[in-house]
>>> print(open('coords-v6.cif').read())   # mmCIF, C-alpha atoms, pLDDT in the B column; chains and numbers go by the auth columns
data_structure
loop_
_atom_site.group_PDB
_atom_site.id
_atom_site.type_symbol
_atom_site.label_atom_id
_atom_site.label_comp_id
_atom_site.label_asym_id
_atom_site.label_seq_id
_atom_site.Cartn_x
_atom_site.Cartn_y
_atom_site.Cartn_z
_atom_site.B_iso_or_equiv
_atom_site.auth_seq_id
_atom_site.auth_asym_id
ATOM 1 C CA MET A 1 36.126 53.083 76.895 42.00 154 A
ATOM 2 C CA ASN A 2 37.806 55.075 79.676 59.00 155 A
ATOM 3 C CA SER A 3 35.663 58.185 80.219 80.00 156 A
ATOM 4 C CA MET A 4 38.239 60.029 82.325 92.00 157 A
ATOM 5 C CA SER A 5 39.320 63.378 80.892 96.00 158 A
ATOM 6 C CA LEU A 6 42.436 65.488 81.399 98.00 159 A
ATOM 7 C CA GLU A 7 42.773 69.065 80.178 98.00 160 A
ATOM 8 C CA VAL A 8 45.130 71.990 80.714 98.00 161 A
ATOM 9 C CA LEU A 9 44.247 75.683 80.402 98.00 162 A
ATOM 10 C CA PHE A 10 47.299 77.769 79.607 98.00 163 A
ATOM 11 C CA THR A 11 46.193 81.409 79.685 96.00 164 A
ATOM 12 C CA PRO A 12 43.962 83.752 81.700 94.00 165 A
ATOM 13 C CA ALA A 13 42.015 84.404 78.506 93.00 166 A
ATOM 14 C CA GLU A 14 40.497 80.953 79.028 93.00 167 A
ATOM 15 C CA PHE A 15 39.205 81.752 82.543 90.00 168 A
ATOM 16 C CA ALA A 16 36.090 83.502 81.252 85.00 169 A
ATOM 17 C CA GLY A 17 34.967 80.336 79.492 91.00 170 A
ATOM 18 C CA LEU A 18 34.891 78.435 82.774 92.00 171 A
ATOM 19 C CA SER A 19 31.758 80.287 83.847 88.00 172 A
ATOM 20 C CA ARG A 20 29.941 78.743 80.871 91.00 173 A
ATOM 21 C CA ARG A 21 31.054 75.183 81.630 93.00 174 A
ATOM 22 C CA ASN A 22 29.439 72.670 83.924 93.00 175 A
ATOM 23 C CA LEU A 23 32.200 72.034 86.453 95.00 176 A
ATOM 24 C CA ARG A 24 30.128 70.169 89.029 93.00 177 A
ATOM 25 C CA GLU A 25 31.995 66.910 88.404 94.00 178 A
ATOM 26 C CA THR A 26 35.353 68.534 87.664 97.00 179 A
ATOM 27 C CA VAL A 27 38.373 68.670 89.963 98.00 180 A
ATOM 28 C CA CYS A 28 40.566 71.678 89.195 98.00 181 A
ATOM 29 C CA VAL A 29 44.195 72.122 90.152 98.00 182 A
ATOM 30 C CA VAL A 30 45.369 75.736 89.970 98.00 183 A
ATOM 31 C CA PHE A 31 49.046 76.574 89.446 98.00 184 A
ATOM 32 C CA ASP A 32 50.651 79.962 90.008 98.00 185 A
ATOM 33 C CA ILE A 33 54.168 78.735 90.642 98.00 186 A
ATOM 34 C CA LEU A 34 55.775 82.194 90.733 97.00 187 A
ATOM 35 C CA ARG A 35 54.274 82.778 93.182 97.00 188 A
ATOM 36 C CA ALA A 36 50.755 82.787 94.621 97.00 189 A
ATOM 37 C CA THR A 37 50.000 79.081 94.967 98.00 190 A
ATOM 38 C CA SER A 38 53.539 78.332 96.182 98.00 191 A
ATOM 39 C CA THR A 39 53.093 81.076 98.770 98.00 192 A
ATOM 40 C CA MET A 40 49.691 79.784 99.905 98.00 193 A
ATOM 41 C CA MET A 41 51.077 76.296 100.455 98.00 194 A
ATOM 42 C CA THR A 42 54.047 77.702 102.357 98.00 195 A
ATOM 43 C CA ALA A 43 51.784 79.803 104.571 98.00 196 A
ATOM 44 C CA LEU A 44 49.630 76.790 105.440 98.00 197 A
ATOM 45 C CA ALA A 45 52.714 74.634 106.041 98.00 198 A
ATOM 46 C CA ASN A 46 53.935 77.275 108.476 98.00 199 A
ATOM 47 C CA GLY A 47 50.723 77.305 110.475 98.00 200 A
ATOM 48 C CA ALA A 48 48.394 79.817 108.847 98.00 201 A
ATOM 49 C CA GLY A 49 44.754 78.976 109.502 98.00 202 A
ATOM 50 C CA GLU A 50 43.060 80.007 106.275 98.00 203 A
ATOM 51 C CA ILE A 51 43.653 82.162 103.213 98.00 204 A
ATOM 52 C CA LEU A 52 40.916 84.180 101.535 98.00 205 A
ATOM 53 C CA PRO A 53 41.850 84.961 97.913 97.00 206 A
ATOM 54 C CA VAL A 54 40.250 88.113 96.493 96.00 207 A
ATOM 55 C CA GLY A 55 40.592 89.851 93.171 92.00 208 A
ATOM 56 C CA GLU A 56 40.978 93.488 94.135 95.00 209 A
ATOM 57 C CA ILE A 57 42.824 95.573 96.702 97.00 210 A
ATOM 58 C CA ALA A 58 39.535 97.200 97.742 97.00 211 A
ATOM 59 C CA GLU A 59 38.047 93.797 98.590 97.00 212 A
ATOM 60 C CA ALA A 60 41.001 92.983 100.818 98.00 213 A
ATOM 61 C CA LEU A 61 40.742 96.310 102.611 98.00 214 A
ATOM 62 C CA ALA A 62 37.003 95.856 103.201 98.00 215 A
ATOM 63 C CA ILE A 63 37.624 92.462 104.798 98.00 216 A
ATOM 64 C CA ARG A 64 40.361 93.967 106.976 98.00 217 A
ATOM 65 C CA ARG A 65 37.945 96.618 108.219 97.00 218 A
ATOM 66 C CA SER A 66 35.479 93.956 109.336 97.00 219 A
ATOM 67 C CA ARG A 67 38.191 91.591 110.613 97.00 220 A
ATOM 68 C CA PRO A 68 41.019 93.757 112.018 97.00 221 A
ATOM 69 C CA GLU A 69 43.057 90.707 113.067 98.00 222 A
ATOM 70 C CA ILE A 70 43.422 89.349 109.519 98.00 223 A
ATOM 71 C CA LEU A 71 46.737 89.799 107.710 98.00 224 A
ATOM 72 C CA LEU A 72 46.808 91.626 104.376 98.00 225 A
ATOM 73 C CA ALA A 73 48.978 89.968 101.733 98.00 226 A
ATOM 74 C CA GLY A 74 49.457 90.533 98.043 97.00 227 A
ATOM 75 C CA GLU A 75 51.296 92.129 95.177 96.00 228 A
ATOM 76 C CA ARG A 76 50.965 94.326 92.165 94.00 229 A
ATOM 77 C CA ASN A 77 53.701 94.161 89.544 89.00 230 A
ATOM 78 C CA GLY A 78 55.389 91.572 91.741 91.00 231 A
ATOM 79 C CA LEU A 79 55.889 93.896 94.723 94.00 232 A
ATOM 80 C CA ARG A 80 54.141 94.175 98.081 96.00 233 A
ATOM 81 C CA ILE A 81 51.126 96.485 98.026 97.00 234 A
ATOM 82 C CA LEU A 82 51.875 99.754 99.833 97.00 235 A
ATOM 83 C CA ALA A 83 49.874 102.668 101.183 97.00 236 A
ATOM 84 C CA ALA A 84 50.346 104.607 97.946 96.00 237 A
ATOM 85 C CA GLN A 85 48.202 101.945 96.254 96.00 238 A
ATOM 86 C CA THR A 86 45.668 101.407 99.035 97.00 239 A
ATOM 87 C CA GLY A 87 45.245 105.021 100.041 96.00 240 A
ATOM 88 C CA SER A 88 45.663 104.038 103.673 95.00 241 A
ATOM 89 C CA VAL A 89 47.894 101.162 104.841 97.00 242 A
ATOM 90 C CA ASP A 90 50.799 99.031 103.719 98.00 243 A
ATOM 91 C CA PHE A 91 50.000 95.354 103.321 98.00 244 A
ATOM 92 C CA ASP A 92 51.551 93.171 105.999 98.00 245 A
ATOM 93 C CA LEU A 93 53.032 90.750 103.483 98.00 246 A
ATOM 94 C CA GLY A 94 53.788 90.618 99.790 98.00 247 A
ATOM 95 C CA ASN A 95 53.733 87.519 97.615 97.00 248 A
ATOM 96 C CA SER A 96 57.138 86.051 98.435 98.00 249 A
ATOM 97 C CA PRO A 97 56.769 82.635 100.071 98.00 250 A
ATOM 98 C CA ARG A 98 59.891 83.360 102.112 98.00 251 A
ATOM 99 C CA GLU A 99 58.019 86.124 103.949 98.00 252 A
ATOM 100 C CA PHE A 100 55.372 83.730 105.266 98.00 253 A
ATOM 101 C CA THR A 101 57.438 82.402 108.152 98.00 254 A
ATOM 102 C CA PRO A 102 55.982 80.579 111.166 98.00 255 A
ATOM 103 C CA GLU A 103 56.685 83.642 113.311 98.00 256 A
ATOM 104 C CA LYS A 104 54.505 85.814 111.063 98.00 257 A
ATOM 105 C CA VAL A 105 51.658 83.494 110.050 98.00 258 A
ATOM 106 C CA ARG A 106 51.202 80.746 112.642 98.00 259 A
ATOM 107 C CA GLY A 107 47.606 80.865 113.867 98.00 260 A
ATOM 108 C CA LYS A 108 46.782 83.779 111.554 98.00 261 A
ATOM 109 C CA ASN A 109 44.207 84.137 108.814 98.00 262 A
ATOM 110 C CA ILE A 110 45.219 85.919 105.620 98.00 263 A
ATOM 111 C CA VAL A 111 43.375 87.805 102.885 98.00 264 A
ATOM 112 C CA MET A 112 45.392 87.759 99.688 98.00 265 A
ATOM 113 C CA THR A 113 45.184 89.501 96.326 97.00 266 A
ATOM 114 C CA THR A 114 47.601 88.921 93.459 95.00 267 A
ATOM 115 C CA THR A 115 47.661 89.789 89.791 91.00 268 A
ATOM 116 C CA ASN A 116 46.770 86.337 88.455 94.00 269 A
ATOM 117 C CA GLY A 117 46.699 83.539 91.024 94.00 270 A
ATOM 118 C CA THR A 118 43.718 84.684 93.043 93.00 271 A
ATOM 119 C CA ARG A 119 41.824 85.421 89.816 91.00 272 A
ATOM 120 C CA ALA A 120 42.446 81.870 88.588 95.00 273 A
ATOM 121 C CA LEU A 121 41.184 80.384 91.844 96.00 274 A
ATOM 122 C CA ARG A 122 38.007 82.416 91.746 93.00 275 A
ATOM 123 C CA ALA A 123 37.392 81.329 88.142 94.00 276 A
ATOM 124 C CA CYS A 124 37.208 77.731 89.409 96.00 277 A
ATOM 125 C CA ALA A 125 34.674 78.471 92.147 92.00 278 A
ATOM 126 C CA ALA A 126 31.958 76.286 90.587 94.00 279 A
ATOM 127 C CA ALA A 127 34.149 73.176 90.400 96.00 280 A
ATOM 128 C CA ARG A 128 33.499 70.089 92.489 95.00 281 A
ATOM 129 C CA SER A 129 36.863 70.760 94.132 96.00 282 A
ATOM 130 C CA THR A 130 39.774 73.105 93.487 98.00 283 A
ATOM 131 C CA LEU A 131 43.226 72.147 94.728 98.00 284 A
ATOM 132 C CA ILE A 132 46.187 74.471 95.229 98.00 285 A
ATOM 133 C CA GLY A 133 48.998 73.339 92.941 98.00 286 A
ATOM 134 C CA SER A 134 52.751 73.726 93.457 98.00 287 A
ATOM 135 C CA PHE A 135 56.019 71.904 92.925 98.00 288 A
ATOM 136 C CA LEU A 136 56.307 71.960 96.725 98.00 289 A
ATOM 137 C CA GLY A 137 53.506 69.401 97.032 98.00 290 A
ATOM 138 C CA MET A 138 53.204 67.857 93.570 98.00 291 A
ATOM 139 C CA ARG A 139 53.417 64.200 94.614 97.00 292 A
ATOM 140 C CA ALA A 140 50.799 64.707 97.321 97.00 293 A
ATOM 141 C CA ILE A 141 48.369 65.920 94.651 98.00 294 A
ATOM 142 C CA ALA A 142 49.282 63.075 92.299 98.00 295 A
ATOM 143 C CA ALA A 143 48.823 60.506 95.073 97.00 296 A
ATOM 144 C CA TRP A 144 45.342 61.795 95.834 96.00 297 A
ATOM 145 C CA ILE A 145 44.406 61.753 92.139 96.00 298 A
ATOM 146 C CA ALA A 146 45.688 58.175 91.842 95.00 299 A
ATOM 147 C CA ARG A 147 43.379 57.167 94.689 95.00 300 A
ATOM 148 C CA ALA A 148 40.306 59.217 93.800 94.00 301 A
ATOM 149 C CA LYS A 149 40.582 59.050 89.999 93.00 302 A
ATOM 150 C CA PRO A 150 38.364 62.077 89.330 96.00 303 A
ATOM 151 C CA SER A 151 36.537 61.602 86.040 95.00 304 A
ATOM 152 C CA HIS A 152 37.202 65.169 84.906 97.00 305 A
ATOM 153 C CA LEU A 153 40.507 66.781 85.796 98.00 306 A
ATOM 154 C CA LEU A 154 41.276 70.349 84.738 98.00 307 A
ATOM 155 C CA LEU A 155 44.724 71.865 85.348 98.00 308 A
ATOM 156 C CA VAL A 156 44.573 75.655 85.330 98.00 309 A
ATOM 157 C CA CYS A 157 47.703 77.725 84.692 98.00 310 A
ATOM 158 C CA SER A 158 47.308 81.202 86.175 97.00 311 A
ATOM 159 C CA GLY A 159 49.638 82.771 83.638 95.00 312 A
ATOM 160 C CA THR A 160 51.128 86.219 83.792 91.00 313 A
ATOM 161 C CA VAL A 161 48.928 89.251 83.076 87.00 314 A
ATOM 162 C CA ASP A 162 46.960 87.864 80.084 90.00 315 A
ATOM 163 C CA GLN A 163 49.603 85.503 78.739 94.00 316 A
ATOM 164 C CA ALA A 164 50.751 81.961 79.419 96.00 317 A
ATOM 165 C CA ALA A 165 53.490 81.461 82.017 96.00 318 A
ATOM 166 C CA TYR A 166 56.246 78.967 81.295 97.00 319 A
ATOM 167 C CA GLU A 167 56.629 77.839 84.912 97.00 320 A
ATOM 168 C CA ASP A 168 52.891 77.094 85.252 98.00 321 A
ATOM 169 C CA THR A 169 53.031 75.036 82.062 98.00 322 A
ATOM 170 C CA LEU A 170 55.988 73.102 83.485 98.00 323 A
ATOM 171 C CA ALA A 171 54.031 72.375 86.668 98.00 324 A
ATOM 172 C CA ALA A 172 50.916 71.265 84.813 98.00 325 A
ATOM 173 C CA GLY A 173 53.126 69.044 82.688 98.00 326 A
ATOM 174 C CA ALA A 174 54.793 67.569 85.764 98.00 327 A
ATOM 175 C CA LEU A 175 51.406 66.591 87.198 98.00 328 A
ATOM 176 C CA CYS A 176 50.288 65.203 83.837 98.00 329 A
ATOM 177 C CA ASP A 177 53.443 63.097 83.770 98.00 330 A
ATOM 178 C CA LEU A 178 52.779 61.655 87.229 98.00 331 A
ATOM 179 C CA ILE A 179 49.154 60.741 86.541 97.00 332 A
ATOM 180 C CA TRP A 180 49.530 59.789 82.867 96.00 333 A
ATOM 181 C CA PRO A 181 49.019 56.027 83.385 93.00 334 A
ATOM 182 C CA ASP A 182 45.502 56.638 84.728 93.00 335 A
ATOM 183 C CA TYR A 183 44.424 59.140 82.064 95.00 336 A
ATOM 184 C CA SER A 184 46.315 58.330 78.866 91.00 337 A
ATOM 185 C CA SER A 185 43.659 55.890 77.643 89.00 338 A
ATOM 186 C CA GLY A 186 40.861 58.390 78.259 88.00 339 A
ATOM 187 C CA ASN A 187 39.990 61.769 76.791 94.00 340 A
ATOM 188 C CA VAL A 188 43.316 63.576 76.963 96.00 341 A
ATOM 189 C CA SER A 189 43.359 67.062 75.453 97.00 342 A
ATOM 190 C CA ASP A 190 46.148 68.240 73.182 97.00 343 A
ATOM 191 C CA SER A 191 46.915 70.877 75.809 98.00 344 A
ATOM 192 C CA ALA A 192 47.710 68.147 78.350 98.00 345 A
ATOM 193 C CA ARG A 193 50.005 66.408 75.862 98.00 346 A
ATOM 194 C CA ILE A 194 51.761 69.696 75.096 98.00 347 A
ATOM 195 C CA ALA A 195 52.307 70.422 78.805 98.00 348 A
ATOM 196 C CA GLN A 196 53.614 66.924 79.485 98.00 349 A
ATOM 197 C CA GLN A 197 56.043 67.094 76.561 98.00 350 A
ATOM 198 C CA ILE A 198 57.349 70.509 77.640 97.00 351 A
ATOM 199 C CA TYR A 199 57.934 69.144 81.138 98.00 352 A
ATOM 200 C CA GLN A 200 59.665 66.013 79.863 98.00 353 A
ATOM 201 C CA ALA A 201 62.017 68.134 77.772 97.00 354 A
ATOM 202 C CA SER A 202 62.943 70.275 80.797 96.00 355 A
ATOM 203 C CA LYS A 203 62.699 67.988 83.832 96.00 356 A
ATOM 204 C CA ALA A 204 66.424 67.287 84.048 96.00 357 A
ATOM 205 C CA ASP A 205 66.994 70.889 85.163 96.00 358 A
ATOM 206 C CA LEU A 206 63.743 72.595 86.080 94.00 359 A
ATOM 207 C CA LEU A 207 65.411 75.560 87.737 92.00 360 A
ATOM 208 C CA ARG A 208 67.340 76.352 84.586 93.00 361 A
ATOM 209 C CA ALA A 209 64.130 75.987 82.601 94.00 362 A
ATOM 210 C CA ALA A 210 62.411 78.437 84.945 91.00 363 A
ATOM 211 C CA GLN A 211 65.089 80.996 84.219 89.00 364 A
ATOM 212 C CA ASN A 212 64.013 80.963 80.567 88.00 365 A
ATOM 213 C CA GLY A 213 60.509 82.126 81.460 94.00 366 A
ATOM 214 C CA ARG A 214 59.387 85.733 81.689 94.00 367 A
ATOM 215 C CA ASN A 215 58.492 85.587 85.385 95.00 368 A
ATOM 216 C CA GLY A 216 61.656 83.746 86.303 96.00 369 A
ATOM 217 C CA ARG A 217 63.813 86.352 84.584 95.00 370 A
ATOM 218 C CA ARG A 218 61.864 89.205 86.161 94.00 371 A
ATOM 219 C CA LEU A 219 62.187 87.868 89.707 96.00 372 A
ATOM 220 C CA LEU A 220 65.842 86.973 89.284 95.00 373 A
ATOM 221 C CA ALA A 221 66.534 90.577 88.316 95.00 374 A
ATOM 222 C CA VAL A 222 65.214 91.882 91.676 94.00 375 A
ATOM 223 C CA SER A 223 67.760 91.293 94.424 95.00 376 A
ATOM 224 C CA GLU A 224 65.238 90.870 97.264 94.00 377 A
ATOM 225 C CA LEU A 225 63.073 88.470 95.218 96.00 378 A
ATOM 226 C CA ARG A 226 65.560 86.342 93.268 96.00 379 A
ATOM 227 C CA GLU A 227 65.641 83.597 95.903 97.00 380 A
ATOM 228 C CA ASP A 228 61.908 83.069 95.394 98.00 381 A
ATOM 229 C CA VAL A 229 62.651 81.236 92.147 97.00 382 A
ATOM 230 C CA PRO A 230 64.661 78.317 93.602 97.00 383 A
ATOM 231 C CA PHE A 231 62.330 78.296 96.623 98.00 384 A
ATOM 232 C CA CYS A 232 59.253 77.763 94.447 98.00 385 A
ATOM 233 C CA PHE A 233 60.982 75.036 92.457 97.00 386 A
ATOM 234 C CA GLN A 234 61.755 72.893 95.485 97.00 387 A
ATOM 235 C CA GLN A 235 60.088 69.544 94.944 96.00 388 A
ATOM 236 C CA ASP A 236 57.842 67.735 97.417 97.00 389 A
ATOM 237 C CA THR A 237 58.742 69.547 100.610 97.00 390 A
ATOM 238 C CA ILE A 238 55.025 69.552 101.582 97.00 391 A
ATOM 239 C CA ASP A 239 53.000 66.380 102.107 96.00 392 A
ATOM 240 C CA PHE A 240 49.456 67.727 102.459 97.00 393 A
ATOM 241 C CA LEU A 241 46.802 69.136 100.145 97.00 394 A
ATOM 242 C CA ALA A 242 45.013 72.470 100.269 98.00 395 A
ATOM 243 C CA GLU A 243 41.609 73.175 98.781 97.00 396 A
ATOM 244 C CA LEU A 244 39.532 76.209 97.882 97.00 397 A
ATOM 245 C CA GLY A 245 36.304 75.593 99.785 95.00 398 A
ATOM 246 C CA GLN A 246 32.810 76.348 98.580 92.00 399 A
ATOM 247 C CA ASP A 247 32.945 79.396 100.848 95.00 400 A
ATOM 248 C CA GLY A 248 35.864 80.777 98.824 95.00 401 A
ATOM 249 C CA VAL A 249 38.476 80.120 101.510 97.00 402 A
ATOM 250 C CA VAL A 250 41.690 78.119 101.066 98.00 403 A
ATOM 251 C CA ARG A 251 42.409 75.668 103.871 97.00 404 A
ATOM 252 C CA ARG A 252 44.655 72.742 104.535 96.00 405 A
ATOM 253 C CA LEU A 253 42.684 69.646 103.632 89.00 406 A
ATOM 254 C CA ALA A 254 41.971 67.582 106.712 70.00 407 A
ATOM 255 C CA LYS A 255 39.724 64.937 105.159 59.00 408 A
ATOM 256 C CA PRO A 256 39.236 63.303 101.754 53.00 409 A
ATOM 257 C CA ILE A 257 37.747 65.434 99.010 54.00 410 A
ATOM 258 C CA ARG A 258 34.102 64.699 98.269 50.00 411 A
#
>>> encode(input="coords-v6.cif", output="structure tokens")
Amino acid sequence: MNSMSLEVLFTPAEFAGLSRRNLRETVCVVFDILRATSTMMTALANGAGEILPVGEIAEALAIRRSRPEILLAGERNGLRILAAQTGSVDFDLGNSPREFTPEKVRGKNIVMTTTNGTRALRACAAARSTLIGSFLGMRAIAAWIARAKPSHLLLVCSGTVDQAAYEDTLAAGALCDLIWPDYSSGNVSDSARIAQQIYQASKADLLRAAQNGRNGRRLLAVSELREDVPFCFQQDTIDFLAELGQDGVVRRLAKPIR
């Protein structure tokens, strides 16, 4: 019998349970489509060196004090963190992938805090490997999985606040759909089947589907952020992988995962 397993976590409420699971043989893929993981991949594609995801604003500020050259990036309630929230400085960047241009990030290291995405990444810290998931590089992830065939694959949707996020479910479903031939005869969770079926029902017009989700509607209602939605739903514009290292830092993957 095929012992390979495929599972999807939909909500942040499920993150706490990860600390009680043995993830040593598990490969995680974390999705925060709107927008943290899409932004991380864009930053790396545009030449950023490394990204350090942290949970709290205070953590980011402490790292900045010890490393004055590092860029501060992040959001609260979808908007760039400002001095009124830090008590001292505005963050250099928000969480819009369109801000992370080559001119701003090439050769730079970034510390980043967001409402959900960085929390999801940190919840997967004990995994064998944790990949950064996005529509921008979906086929690159699927191609690696097809080659490596990890025995335990866990797709983690970052969600929004404490709820599921429609766009993350779509992305998890898209990856499930691509890798289904290798996992369908194994231990496939109902959550993976649900995600795949939601994606299949929406794949003809993903951007329209995104507009039905809470985050999509919220971003589309803000004039300076509305273009983030079609940006994050571009498909396969990036051909590399990025991984959260054992040191807690996200880097472009230069060699095969262990």
>>> closest_residue(input="coords-v6.cif", among="A:Ala295, A:Leu214, A:Ala317, A:Ala237", to="A:Arg367", atoms="all atoms listed in the file")
A:Ala317
>>> closest_residue(input="coords-v6.cif", among="A:Glu178, A:Asp243, A:Asp185, A:Glu167", to="A:Thr322", atoms="all atoms listed in the file")
A:Asp185
>>> residues_around(input="coords-v6.cif", residues="A:Gln364", least_positions_apart="6", cutoff="9 Å", atoms="all atoms listed in the file", output="list in words")
Arg370, Leu373 and Val382 of chain A
>>> closest_residue(input="coords-v6.cif", among="A:Arg346, A:Arg220, A:Arg371, A:Arg405", to="A:Val161", atoms="all atoms listed in the file")
A:Arg346
>>> atom_distance(input="coords-v6.cif", atom1="atom CA of A:Pro165", atom2="atom CA of A:Asp315")
5.3 Å
